[in-house]
Each structure stands twice: as C-alpha cells, then as structure tokens.
Amino acid sequence: MTLDATLARIDSDLPQALDRLMALLRIPSISTDPAYKADCDTAADWLVSDLASIGIAAEKRPTPGHPMVVGHVDGDGPHVLFYGHYDVQPVDPLNLWDRDPFDPAIEETPKGRVIRARGASDDKGQLMTFVEACRAWKEVNGSLPCKITFFFEGEEESGSPSLIPFLNENAKELKADIALICDTGLFESKTPSIMTQLRGLCGEEITLTGATKDLHSGMFGGAGQNPIRVLAKILGNLHDDNGRIQVPDFYDGVPELDPEIKAQWDGLNFDHASFLGDVGLSKPAGEQDRTALEMLWSRPTAEINGIIGGYTGDGFKTVLPAQARAKVSFRLVGQQDPHAIRDNFRAWVQAQLPEDVTAEFHAHGASPASQMATDHPAFEQSRAVLGAEWGKEAAFTGCGGSIPVAGYFKSILGMDTMLVGWAKDDDQIHSPNEKYDVESFHKGIRSWARILDAIS
C-alpha cells in the first residue's frame, strides 16, 4: 500500500530527518532582535533550498521585515496550504540553559530521547514534520498526493507585522481549500487533538491620576483621594462572586458549546485537580457553572496582569501616590468584538471614578476569536486516522491562547484552518532548555503522512 510504504520510508529515514532538523536549529533566527536579521534571512534560504531538494518550486519573498517562504506543488484532489514559522524567541536568560541553545543535540532523559535547542518545538521541529512527510511521500510515490502550498513566516514571534499586508497582496496565490498549521500540541502530552477554537485577545492599560504630585499620607491621608484605592475597587468589581465578568454587554456574541464537542471534551477526563495542583492551586476560579476545560477553551476571561503604584522599593514610604496603573487582558470567544469590549470596559471604568480622579487608557492589541467549521471533511478524516498512530482517539479541542494567523486565513483568504501539533506540555517553549521529543518528531511525520493520505 502507498501509505504503508511511505510510513516505512519515514522510519528508515529518521536519522537523516533529524540531521536536517539539526541544521535548521543551528540558525539563530530570532526575529524580534535586529542583530539577527541576517540569520532570519539565512533560515529562509535554508528552507527554500530544502523544499527545492524535494522538487518543490519555492522562493524567498521580501517583506518590510523578515522574508516569507512560499512554495507550490501541483496535484490532484484538494488544495491545502501548510503554514509554519521559522523564527524563534530570544534565549534570555542564557545562564539558565544547560547548553548552547543553537547547538542542538539529542539527549537521553527519564521520559525518553529529546531534541534540545531553541525552536525545537516552537516551531522548527513542528514545521519540519510536515516537510519530512512530504519528502517521504515523494520519494516513495514520485509525486505528492494533492496540491500543496507551503507558507513559512519569519515574524510570528515578533507580532507578524508583515503578515496581513502580505496576505492581502497575495491572496489569490495563497488561497486554498483549507489551511494546515502545526504549532499546537497533544492533549495532556498523549492524546492527539485537532484545535477547532482559538480565543481572541484584547489588552488595556489604565492609568488613574489624582493629585498633581505624590503626597505625604500623614498630611493628606483621609482628605486626599488615593488612586490606588480607587483602582483596587474598580478591579475588584470586575468579577462577581461566581466569576462572571461585570463589564456591560461583555457576553454579547459568546456561544454555548456544541453538545457533540462538549461530549468529546468530557470524554478526555481532564484532571483539573492535577492540572492546578502542579502549580500550587486547587480550585478553578472562573465561572462556577462551567467545567474547567470550558473555562480554558470556550469561555471568555478578564485578567489583571499587573498593578503599579506608589512606593514599591525596599523599606517603607508613607506616600499617597499621584498615579496608579493596571494592565488588564481579555481572552475572547465566539463573535465577541474586541473593539466593543475595549469601548465598554473604558466606559465602565469611567463610570466608577470619583471626583478628583481621571483615567487614561492605552490599547495593547485586539484580535477576535477563531472558530473552525468542522463540517469540512478534512476534520473528521484526520481525526479518524490519528488514533491509529497515537493509540488514542483524537479529539476536537479548544485552545486558551491565541494564534491570530488562523483568524487572518479566515477573514482574508476565506478558508478554515486545521491546527494539529505534536508538542508536549513540558516542551518549555519560550523558556530556557526548550525541547521536542524525538517521538513527537517521528510520530508527527507519520501522522502528517496519514492525514495527507486521508484527505486526498
């Protein structure tokens, strides 16, 4: 059978596939630091060359920032676009790494062999699982099973400033039947999952100002208004006793969870006590009429991410501060409008201000949630075959975080995205000593071969 022969080739070629990944991992493609601009360019060149070695017509496309890599291969059946990013996070603090983050190595650990390097999991290792699946398929069969567009970005870790203009300018070329992204993970590090919901994000910074300068609390305390006290009261009003968010019209556009999806989530038997216990917590703190997975994947949130005001140094200073600041973020779901959320939050804050206190606001990004239409046949076709590789039935899951590119594929290119990844919870992405299990790399390649076979 074609698939069996392809899987056998993947198994026999694993040492060479690891060598290719190591070569890519050695390139310090840190997108946020201008000092590494040339390295990002080198990483793009490496990918163009590697795709060309499979017979894929690929090229490096310039942007105002780091280049995109775009490749095309014709074929019968559906047209899929595969997206990944070749840029990586900075490595600081370097002293917490056990080895040079750009000197990758295979290490033996109590849980098995791992690839240790910056970018091993996020996202070079994941990106290369798809490329290696295509390589094996092409070597065995002489051609790929369907029409594929390869689209690799070099600015994902620095806010993707060039992405939207590039999508708009190249929409006709990039549009496909469905997009595939490998930048997610296994559920609880063992169950294959296809993410169908991603939360959006809205960030706000508030500055409350009272007096024209900091005041002595013995001379003005009691008579003078304290912005920290005002800010604390407002933030304390953000949730009611059951965890429900009190900003007016906040829940507009929040859907109820589809019963079939809820049944899949319930079937995962998520152990929230263990999940919270690992970080020293015990009780879910969100809306009390929702399960923990609903809180994490399908319900919106309002979180206070930082508070600043008054004297915060060593010792004590009896000051009545002139200003107090807070950073607040909202994770959004369904059809919630991040701009309406921002406007309503600001009006809600303003309505609670006493005399002598004014508020200023600073926006920190706004992106809507993404909901995938799982009625596209690729979703069930892929879910059906992943269990054969991982020994556990795959599930449609949600994601508490935000992957804006999936939303842009929908709004700009008009196509849904299937997010499938092989990362594990302990991969330490964005942290020192990032790793990617050799098993994740190997079985990830095999999984993509199964998916390509199923959807084509």
# chains A, B, ... in the order shown; residues from 1 in each chain; ligands from 1
>>> closest_atom_pairs(of="stretch 337-446 of chain A", to="stretch 74-83 of chain A", cutoff="12 Å", atoms="only C-alpha atoms", output="JSON lines")
{"residue": "A:His376", "atom": "CA", "partner": "A:Pro78", "partner_atom": "CA", "distance": 11.5}
{"residue": "A:Pro377", "atom": "CA", "partner": "A:Pro78", "partner_atom": "CA", "distance": 10.7}
{"residue": "A:Ala378", "atom": "CA", "partner": "A:Pro78", "partner_atom": "CA", "distance": 9.6}
{"residue": "A:Ile403", "atom": "CA", "partner": "A:Tyr83", "partner_atom": "CA", "distance": 11.9}
{"residue": "A:Val405", "atom": "CA", "partner": "A:Tyr83", "partner_atom": "CA", "distance": 9.1}
{"residue": "A:Ala406", "atom": "CA", "partner": "A:Tyr83", "partner_atom": "CA", "distance": 9.6}
{"residue": "A:Phe409", "atom": "CA", "partner": "A:Leu81", "partner_atom": "CA", "distance": 10.0}
{"residue": "A:Leu413", "atom": "CA", "partner": "A:Leu81", "partner_atom": "CA", "distance": 10.9}
{"residue": "A:Met415", "atom": "CA", "partner": "A:Leu81", "partner_atom": "CA", "distance": 9.8}
{"residue": "A:Asp416", "atom": "CA", "partner": "A:Leu81", "partner_atom": "CA", "distance": 10.4}
{"residue": "A:Thr417", "atom": "CA", "partner": "A:Leu81", "partner_atom": "CA", "distance": 9.1}
{"residue": "A:Met418", "atom": "CA", "partner": "A:Phe82", "partner_atom": "CA", "distance": 9.7}
{"residue": "A:Leu419", "atom": "CA", "partner": "A:Tyr83", "partner_atom": "CA", "distance": 9.8}
{"residue": "A:Val420", "atom": "CA", "partner": "A:Phe82", "partner_atom": "CA", "distance": 11.0}
{"residue": "A:Gly421", "atom": "CA", "partner": "A:Tyr83", "partner_atom": "CA", "distance": 11.9}
>>> write_last_selection(atoms="C-alpha atoms", output="PDB file, in the first residue's frame")
ATOM      1  CA  HIS A 376     -15.132  20.428   6.276  1.00  0.00           C
ATOM      2  CA  PRO A 377     -14.412  16.731   5.556  1.00  0.00           C
ATOM      3  CA  ALA A 378     -10.700  17.098   6.382  1.00  0.00           C
ATOM      4  CA  ILE A 403      -2.994  32.124  17.139  1.00  0.00           C
ATOM      5  CA  VAL A 405      -2.885  33.761  11.707  1.00  0.00           C
ATOM      6  CA  ALA A 406      -5.779  31.270  11.763  1.00  0.00           C
ATOM      7  CA  PHE A 409      -6.699  32.948   6.947  1.00  0.00           C
ATOM      8  CA  LEU A 413      -8.335  34.198   2.433  1.00  0.00           C
ATOM      9  CA  MET A 415     -10.614  29.418   4.391  1.00  0.00           C
ATOM     10  CA  ASP A 416     -10.776  27.446   7.606  1.00  0.00           C
ATOM     11  CA  THR A 417      -7.702  26.157   9.394  1.00  0.00           C
ATOM     12  CA  MET A 418      -6.993  22.775  10.916  1.00  0.00           C
ATOM     13  CA  LEU A 419      -4.487  23.079  13.757  1.00  0.00           C
ATOM     14  CA  VAL A 420      -2.707  19.830  14.552  1.00  0.00           C
ATOM     15  CA  GLY A 421       0.527  19.604  16.517  1.00  0.00           C
TER      16      GLY A 421
END
>>> residues_around(residues="stretch 217-232 of chain A", least_positions_apart="2", cutoff="9 Å", atoms="only C-alpha atoms", output="PyMOL selection string")
chain A and resi 206-211+215+234-237+308-310+318-326+352-357
>>> write_last_selection(atoms="N, CA and C atoms", output="CSV table (one decimal), in the first residue's frame")
chain,number,residue,atom,x,y,z
A,206,ILE,N,-4.5,50.9,32.1
A,206,ILE,CA,-5.3,52.0,32.7
A,206,ILE,C,-4.3,52.8,33.6
A,207,THR,N,-4.4,54.1,33.5
A,207,THR,CA,-3.7,55.0,34.4
A,207,THR,C,-4.7,55.9,35.1
A,208,LEU,N,-4.8,55.8,36.4
A,208,LEU,CA,-5.6,56.7,37.2
A,208,LEU,C,-4.7,57.8,37.8
A,209,THR,N,-5.2,59.1,37.7
A,209,THR,CA,-4.4,60.2,38.3
A,209,THR,C,-5.3,60.9,39.3
A,210,GLY,N,-4.7,61.2,40.5
A,210,GLY,CA,-5.4,62.0,41.5
A,210,GLY,C,-4.7,63.4,41.6
A,211,ALA,N,-3.9,63.5,42.6
A,211,ALA,CA,-3.2,64.8,42.9
A,211,ALA,C,-2.2,65.1,41.8
A,215,LEU,N,1.9,62.7,47.6
A,215,LEU,CA,1.6,63.4,48.8
A,215,LEU,C,2.0,62.6,50.1
A,234,ILE,N,-12.2,49.3,41.6
A,234,ILE,CA,-12.7,49.1,40.2
A,234,ILE,C,-12.3,47.7,39.8
A,235,LEU,N,-11.1,47.3,40.0
A,235,LEU,CA,-10.6,46.0,39.6
A,235,LEU,C,-11.3,44.9,40.4
A,236,GLY,N,-11.6,45.2,41.7
A,236,GLY,CA,-12.4,44.2,42.5
A,236,GLY,C,-13.8,44.0,42.0
A,237,ASN,N,-14.3,45.0,41.3
A,237,ASN,CA,-15.7,44.9,40.7
A,237,ASN,C,-15.7,44.1,39.4
A,308,ILE,N,0.7,48.7,39.3
A,308,ILE,CA,1.8,49.5,39.6
A,308,ILE,C,1.3,50.8,40.3
A,309,GLY,N,1.9,51.2,41.4
A,309,GLY,CA,1.5,52.5,42.0
A,309,GLY,C,2.3,52.7,43.3
A,310,GLY,N,2.5,53.9,43.6
A,310,GLY,CA,3.1,54.2,44.9
A,310,GLY,C,4.6,53.8,45.1
A,318,THR,N,5.6,56.4,53.4
A,318,THR,CA,4.2,56.7,53.6
A,318,THR,C,3.7,57.7,52.6
A,319,VAL,N,3.6,57.2,51.4
A,319,VAL,CA,3.3,58.2,50.3
A,319,VAL,C,1.8,57.9,49.8
A,320,LEU,N,1.2,59.0,49.5
A,320,LEU,CA,-0.1,58.9,48.8
A,320,LEU,C,0.1,59.2,47.4
A,321,PRO,N,0.1,58.2,46.5
A,321,PRO,CA,0.6,58.3,45.1
A,321,PRO,C,-0.3,59.2,44.2
A,322,ALA,N,0.3,59.9,43.3
A,322,ALA,CA,-0.5,60.7,42.4
A,322,ALA,C,-1.1,59.8,41.3
A,323,GLN,N,-0.5,58.6,41.0
A,323,GLN,CA,-1.0,57.8,39.9
A,323,GLN,C,-1.0,56.3,40.3
A,324,ALA,N,-1.8,55.5,39.7
A,324,ALA,CA,-1.9,54.1,39.8
A,324,ALA,C,-2.2,53.5,38.4
A,325,ARG,N,-1.5,52.4,38.1
A,325,ARG,CA,-1.7,51.8,36.8
A,325,ARG,C,-2.0,50.3,36.9
A,326,ALA,N,-2.7,49.8,35.9
A,326,ALA,CA,-3.0,48.4,35.8
A,326,ALA,C,-3.0,48.0,34.4
A,352,GLN,N,-17.1,54.7,37.2
A,352,GLN,CA,-16.9,54.4,38.6
A,352,GLN,C,-15.9,55.4,39.2
A,353,LEU,N,-15.4,56.3,38.5
A,353,LEU,CA,-14.4,57.3,39.0
A,353,LEU,C,-15.0,58.3,39.9
A,354,PRO,N,-14.4,58.5,41.1
A,354,PRO,CA,-14.9,59.6,42.0
A,354,PRO,C,-14.4,60.9,41.5
A,355,GLU,N,-14.8,62.0,42.1
A,355,GLU,CA,-14.3,63.3,41.9
A,355,GLU,C,-12.8,63.3,42.2
A,356,ASP,N,-12.0,64.1,41.4
A,356,ASP,CA,-10.6,64.3,41.6
A,356,ASP,C,-9.7,63.2,41.0
A,357,VAL,N,-10.4,62.2,40.4
A,357,VAL,CA,-9.6,61.1,39.7
A,357,VAL,C,-10.0,61.0,38.3
>>> select_by_dssp(residues="stretch 208-401 of chain A", states="strand (DSSP E or B)", output="PDB file with N, CA and C atoms, in the first residue's frame")
ATOM      1  N   LEU A 208      -4.765  55.825  36.398  1.00  0.00           N
ATOM      2  CA  LEU A 208      -5.608  56.735  37.170  1.00  0.00           C
ATOM      3  C   LEU A 208      -4.725  57.797  37.816  1.00  0.00           C
ATOM      4  N   THR A 209      -5.155  59.051  37.732  1.00  0.00           N
ATOM      5  CA  THR A 209      -4.397  60.164  38.297  1.00  0.00           C
ATOM      6  C   THR A 209      -5.264  60.943  39.265  1.00  0.00           C
ATOM      7  N   LEU A 215       1.873  62.655  47.593  1.00  0.00           N
ATOM      8  CA  LEU A 215       1.603  63.396  48.824  1.00  0.00           C
ATOM      9  C   LEU A 215       2.017  62.609  50.052  1.00  0.00           C
ATOM     10  N   HIS A 216       2.339  63.319  51.122  1.00  0.00           N
ATOM     11  CA  HIS A 216       2.635  62.717  52.422  1.00  0.00           C
ATOM     12  C   HIS A 216       1.316  62.217  53.010  1.00  0.00           C
ATOM     13  N   GLY A 221      -3.518  62.096  53.963  1.00  0.00           N
ATOM     14  CA  GLY A 221      -4.277  60.862  54.043  1.00  0.00           C
ATOM     15  C   GLY A 221      -5.632  61.063  54.698  1.00  0.00           C
ATOM     16  N   GLY A 224      -7.255  63.453  51.049  1.00  0.00           N
ATOM     17  CA  GLY A 224      -6.909  63.374  49.628  1.00  0.00           C
ATOM     18  C   GLY A 224      -7.298  62.027  49.015  1.00  0.00           C
ATOM     19  N   HIS A 239     -15.281  41.068  38.550  1.00  0.00           N
ATOM     20  CA  HIS A 239     -15.974  39.780  38.585  1.00  0.00           C
ATOM     21  C   HIS A 239     -16.949  39.752  39.748  1.00  0.00           C
ATOM     22  N   ILE A 245     -18.021  38.050  34.581  1.00  0.00           N
ATOM     23  CA  ILE A 245     -17.417  39.353  34.308  1.00  0.00           C
ATOM     24  C   ILE A 245     -18.510  40.409  34.227  1.00  0.00           C
ATOM     25  N   THR A 301     -12.458  35.535  29.289  1.00  0.00           N
ATOM     26  CA  THR A 301     -11.862  35.861  30.580  1.00  0.00           C
ATOM     27  C   THR A 301     -11.540  37.344  30.666  1.00  0.00           C
ATOM     28  N   ALA A 302     -11.372  37.811  31.895  1.00  0.00           N
ATOM     29  CA  ALA A 302     -10.819  39.138  32.178  1.00  0.00           C
ATOM     30  C   ALA A 302      -9.790  38.936  33.273  1.00  0.00           C
ATOM     31  N   GLU A 303      -8.546  39.244  32.986  1.00  0.00           N
ATOM     32  CA  GLU A 303      -7.467  39.007  33.949  1.00  0.00           C
ATOM     33  C   GLU A 303      -6.659  40.275  34.179  1.00  0.00           C
ATOM     34  N   ILE A 304      -6.301  40.504  35.418  1.00  0.00           N
ATOM     35  CA  ILE A 304      -5.440  41.626  35.796  1.00  0.00           C
ATOM     36  C   ILE A 304      -4.002  41.123  35.748  1.00  0.00           C
ATOM     37  N   ASN A 305      -3.214  41.651  34.828  1.00  0.00           N
ATOM     38  CA  ASN A 305      -1.867  41.138  34.591  1.00  0.00           C
ATOM     39  C   ASN A 305      -0.765  41.923  35.293  1.00  0.00           C
ATOM     40  N   GLY A 306      -1.112  43.075  35.848  1.00  0.00           N
ATOM     41  CA  GLY A 306      -0.104  43.843  36.565  1.00  0.00           C
ATOM     42  C   GLY A 306      -0.698  45.090  37.178  1.00  0.00           C
ATOM     43  N   ILE A 307      -0.184  45.450  38.366  1.00  0.00           N
ATOM     44  CA  ILE A 307      -0.625  46.659  39.063  1.00  0.00           C
ATOM     45  C   ILE A 307       0.618  47.415  39.524  1.00  0.00           C
ATOM     46  N   ILE A 308       0.650  48.712  39.270  1.00  0.00           N
ATOM     47  CA  ILE A 308       1.804  49.533  39.637  1.00  0.00           C
ATOM     48  C   ILE A 308       1.293  50.820  40.281  1.00  0.00           C
ATOM     49  N   GLY A 309       1.932  51.220  41.381  1.00  0.00           N
ATOM     50  CA  GLY A 309       1.546  52.486  42.004  1.00  0.00           C
ATOM     51  C   GLY A 309       2.260  52.690  43.320  1.00  0.00           C
ATOM     52  N   VAL A 319       3.608  57.248  51.353  1.00  0.00           N
ATOM     53  CA  VAL A 319       3.264  58.153  50.274  1.00  0.00           C
ATOM     54  C   VAL A 319       1.822  57.904  49.833  1.00  0.00           C
ATOM     55  N   LEU A 320       1.165  58.979  49.458  1.00  0.00           N
ATOM     56  CA  LEU A 320      -0.141  58.885  48.823  1.00  0.00           C
ATOM     57  C   LEU A 320       0.105  59.191  47.353  1.00  0.00           C
ATOM     58  N   GLN A 323      -0.481  58.625  40.994  1.00  0.00           N
ATOM     59  CA  GLN A 323      -0.981  57.766  39.933  1.00  0.00           C
ATOM     60  C   GLN A 323      -0.975  56.300  40.340  1.00  0.00           C
ATOM     61  N   ALA A 324      -1.839  55.545  39.702  1.00  0.00           N
ATOM     62  CA  ALA A 324      -1.852  54.090  39.823  1.00  0.00           C
ATOM     63  C   ALA A 324      -2.181  53.519  38.450  1.00  0.00           C
ATOM     64  N   ARG A 325      -1.510  52.410  38.088  1.00  0.00           N
ATOM     65  CA  ARG A 325      -1.712  51.818  36.766  1.00  0.00           C
ATOM     66  C   ARG A 325      -2.015  50.334  36.886  1.00  0.00           C
ATOM     67  N   ALA A 326      -2.734  49.827  35.902  1.00  0.00           N
ATOM     68  CA  ALA A 326      -3.003  48.393  35.830  1.00  0.00           C
ATOM     69  C   ALA A 326      -3.037  47.963  34.375  1.00  0.00           C
ATOM     70  N   LYS A 327      -2.642  46.720  34.145  1.00  0.00           N
ATOM     71  CA  LYS A 327      -2.730  46.099  32.830  1.00  0.00           C
ATOM     72  C   LYS A 327      -3.779  44.994  32.913  1.00  0.00           C
ATOM     73  N   VAL A 328      -4.757  45.041  32.014  1.00  0.00           N
ATOM     74  CA  VAL A 328      -5.867  44.097  32.025  1.00  0.00           C
ATOM     75  C   VAL A 328      -6.001  43.482  30.636  1.00  0.00           C
ATOM     76  N   SER A 329      -6.153  42.156  30.581  1.00  0.00           N
ATOM     77  CA  SER A 329      -6.342  41.493  29.286  1.00  0.00           C
ATOM     78  C   SER A 329      -7.641  40.708  29.288  1.00  0.00           C
ATOM     79  N   PHE A 330      -8.240  40.626  28.109  1.00  0.00           N
ATOM     80  CA  PHE A 330      -9.473  39.865  27.910  1.00  0.00           C
ATOM     81  C   PHE A 330      -9.221  38.801  26.844  1.00  0.00           C
ATOM     82  N   ARG A 331      -9.461  37.536  27.187  1.00  0.00           N
ATOM     83  CA  ARG A 331      -9.470  36.465  26.195  1.00  0.00           C
ATOM     84  C   ARG A 331     -10.908  36.327  25.701  1.00  0.00           C
ATOM     85  N   LEU A 332     -11.075  36.302  24.390  1.00  0.00           N
ATOM     86  CA  LEU A 332     -12.399  36.408  23.791  1.00  0.00           C
ATOM     87  C   LEU A 332     -12.750  35.144  23.012  1.00  0.00           C
ATOM     88  N   THR A 358      -8.943  61.041  37.407  1.00  0.00           N
ATOM     89  CA  THR A 358      -9.157  60.911  35.966  1.00  0.00           C
ATOM     90  C   THR A 358      -8.485  59.640  35.466  1.00  0.00           C
ATOM     91  N   ALA A 359      -8.934  59.187  34.312  1.00  0.00           N
ATOM     92  CA  ALA A 359      -8.392  57.948  33.741  1.00  0.00           C
ATOM     93  C   ALA A 359      -7.863  58.190  32.333  1.00  0.00           C
ATOM     94  N   GLU A 360      -6.741  57.556  32.031  1.00  0.00           N
ATOM     95  CA  GLU A 360      -6.216  57.496  30.673  1.00  0.00           C
ATOM     96  C   GLU A 360      -6.064  56.019  30.302  1.00  0.00           C
ATOM     97  N   PHE A 361      -6.217  55.705  29.018  1.00  0.00           N
ATOM     98  CA  PHE A 361      -6.179  54.317  28.566  1.00  0.00           C
ATOM     99  C   PHE A 361      -5.183  54.180  27.422  1.00  0.00           C
ATOM    100  N   HIS A 362      -4.544  53.032  27.399  1.00  0.00           N
ATOM    101  CA  HIS A 362      -3.613  52.722  26.310  1.00  0.00           C
ATOM    102  C   HIS A 362      -3.918  51.321  25.812  1.00  0.00           C
ATOM    103  N   ALA A 363      -4.207  51.186  24.526  1.00  0.00           N
ATOM    104  CA  ALA A 363      -4.570  49.897  23.950  1.00  0.00           C
ATOM    105  C   ALA A 363      -3.329  49.049  23.688  1.00  0.00           C
ATOM    106  N   HIS A 364      -3.472  47.739  23.902  1.00  0.00           N
ATOM    107  CA  HIS A 364      -2.398  46.779  23.626  1.00  0.00           C
ATOM    108  C   HIS A 364      -2.939  45.633  22.775  1.00  0.00           C
ATOM    109  N   GLY A 365      -3.314  45.922  21.555  1.00  0.00           N
ATOM    110  CA  GLY A 365      -3.716  44.877  20.622  1.00  0.00           C
ATOM    111  C   GLY A 365      -5.156  44.444  20.771  1.00  0.00           C
ATOM    112  N   ALA A 366      -5.730  43.974  19.660  1.00  0.00           N
ATOM    113  CA  ALA A 366      -7.105  43.471  19.660  1.00  0.00           C
ATOM    114  C   ALA A 366      -7.275  42.510  18.494  1.00  0.00           C
ATOM    115  N   SER A 367      -7.600  41.263  18.803  1.00  0.00           N
ATOM    116  CA  SER A 367      -7.850  40.283  17.746  1.00  0.00           C
ATOM    117  C   SER A 367      -9.035  39.413  18.148  1.00  0.00           C
ATOM    118  N   SER A 370     -11.218  32.721  16.891  1.00  0.00           N
ATOM    119  CA  SER A 370     -11.372  31.937  15.660  1.00  0.00           C
ATOM    120  C   SER A 370     -12.157  30.668  15.982  1.00  0.00           C
ATOM    121  N   GLN A 371     -13.163  30.392  15.200  1.00  0.00           N
ATOM    122  CA  GLN A 371     -13.971  29.185  15.338  1.00  0.00           C
ATOM    123  C   GLN A 371     -13.925  28.453  14.012  1.00  0.00           C
ATOM    124  N   ALA A 395      -9.321  14.039  19.432  1.00  0.00           N
ATOM    125  CA  ALA A 395     -10.474  14.841  19.839  1.00  0.00           C
ATOM    126  C   ALA A 395     -10.370  16.230  19.241  1.00  0.00           C
ATOM    127  N   PHE A 396     -11.524  16.828  18.983  1.00  0.00           N
ATOM    128  CA  PHE A 396     -11.578  18.248  18.653  1.00  0.00           C
ATOM    129  C   PHE A 396     -11.472  19.020  19.961  1.00  0.00           C
ATOM    130  N   THR A 397     -10.489  19.888  20.069  1.00  0.00           N
ATOM    131  CA  THR A 397     -10.237  20.598  21.318  1.00  0.00           C
ATOM    132  C   THR A 397     -10.259  22.105  21.084  1.00  0.00           C
ATOM    133  N   GLY A 398     -10.170  22.838  22.173  1.00  0.00           N
ATOM    134  CA  GLY A 398     -10.024  24.283  22.119  1.00  0.00           C
ATOM    135  C   GLY A 398      -8.635  24.675  22.561  1.00  0.00           C
ATOM    136  N   CYS A 399      -8.375  25.953  22.502  1.00  0.00           N
ATOM    137  CA  CYS A 399      -7.079  26.480  22.931  1.00  0.00           C
ATOM    138  C   CYS A 399      -7.314  27.765  23.705  1.00  0.00           C
TER     139      CYS A 399
END
>>> select_by_dssp(residues="stretch 103-301 of chain A", states="helix (DSSP H, G or I)", output="PyMOL selection string")
chain A and resi 124-141+156-158+163-169+171-174+217-220+227-236+259-267+272-277+292-297
>>> decode(residues="stretch 374-386 of chain A", atoms="N, CA and C atoms", output="PDB file, in the first residue's frame")
ATOM      1  N   THR A 374     -16.008  22.638  11.510  1.00  0.00           N
ATOM      2  CA  THR A 374     -15.569  21.246  11.470  1.00  0.00           C
ATOM      3  C   THR A 374     -16.369  20.396  10.495  1.00  0.00           C
ATOM      4  N   ASP A 375     -17.314  21.019   9.767  1.00  0.00           N
ATOM      5  CA  ASP A 375     -18.031  20.254   8.764  1.00  0.00           C
ATOM      6  C   ASP A 375     -17.197  20.047   7.504  1.00  0.00           C
ATOM      7  N   HIS A 376     -16.033  20.731   7.382  1.00  0.00           N
ATOM      8  CA  HIS A 376     -15.132  20.428   6.276  1.00  0.00           C
ATOM      9  C   HIS A 376     -14.664  18.976   6.449  1.00  0.00           C
ATOM     10  N   PRO A 377     -14.725  18.164   5.402  1.00  0.00           N
ATOM     11  CA  PRO A 377     -14.412  16.731   5.556  1.00  0.00           C
ATOM     12  C   PRO A 377     -13.019  16.442   6.094  1.00  0.00           C
ATOM     13  N   ALA A 378     -12.062  17.349   5.910  1.00  0.00           N
ATOM     14  CA  ALA A 378     -10.700  17.098   6.382  1.00  0.00           C
ATOM     15  C   ALA A 378     -10.640  16.908   7.890  1.00  0.00           C
ATOM     16  N   PHE A 379     -11.542  17.553   8.629  1.00  0.00           N
ATOM     17  CA  PHE A 379     -11.502  17.454  10.089  1.00  0.00           C
ATOM     18  C   PHE A 379     -11.794  16.031  10.551  1.00  0.00           C
ATOM     19  N   GLU A 380     -12.896  15.460  10.119  1.00  0.00           N
ATOM     20  CA  GLU A 380     -13.233  14.099  10.552  1.00  0.00           C
ATOM     21  C   GLU A 380     -12.300  13.074   9.919  1.00  0.00           C
ATOM     22  N   GLN A 381     -11.882  13.300   8.676  1.00  0.00           N
ATOM     23  CA  GLN A 381     -10.945  12.379   8.047  1.00  0.00           C
ATOM     24  C   GLN A 381      -9.640  12.305   8.839  1.00  0.00           C
ATOM     25  N   SER A 382      -9.158  13.458   9.287  1.00  0.00           N
ATOM     26  CA  SER A 382      -7.907  13.495  10.041  1.00  0.00           C
ATOM     27  C   SER A 382      -8.093  12.905  11.434  1.00  0.00           C
ATOM     28  N   ARG A 383      -9.190  13.245  12.065  1.00  0.00           N
ATOM     29  CA  ARG A 383      -9.435  12.708  13.411  1.00  0.00           C
ATOM     30  C   ARG A 383      -9.501  11.190  13.386  1.00  0.00           C
ATOM     31  N   ALA A 384     -10.059  10.632  12.320  1.00  0.00           N
ATOM     32  CA  ALA A 384     -10.233   9.190  12.237  1.00  0.00           C
ATOM     33  C   ALA A 384      -8.910   8.435  12.142  1.00  0.00           C
ATOM     34  N   VAL A 385      -7.895   9.058  11.499  1.00  0.00           N
ATOM     35  CA  VAL A 385      -6.645   8.319  11.268  1.00  0.00           C
ATOM     36  C   VAL A 385      -5.590   8.557  12.342  1.00  0.00           C
ATOM     37  N   LEU A 386      -5.733   9.611  13.138  1.00  0.00           N
ATOM     38  CA  LEU A 386      -4.689   9.909  14.129  1.00  0.00           C
ATOM     39  C   LEU A 386      -4.640   8.881  15.244  1.00  0.00           C
TER      40      LEU A 386
END
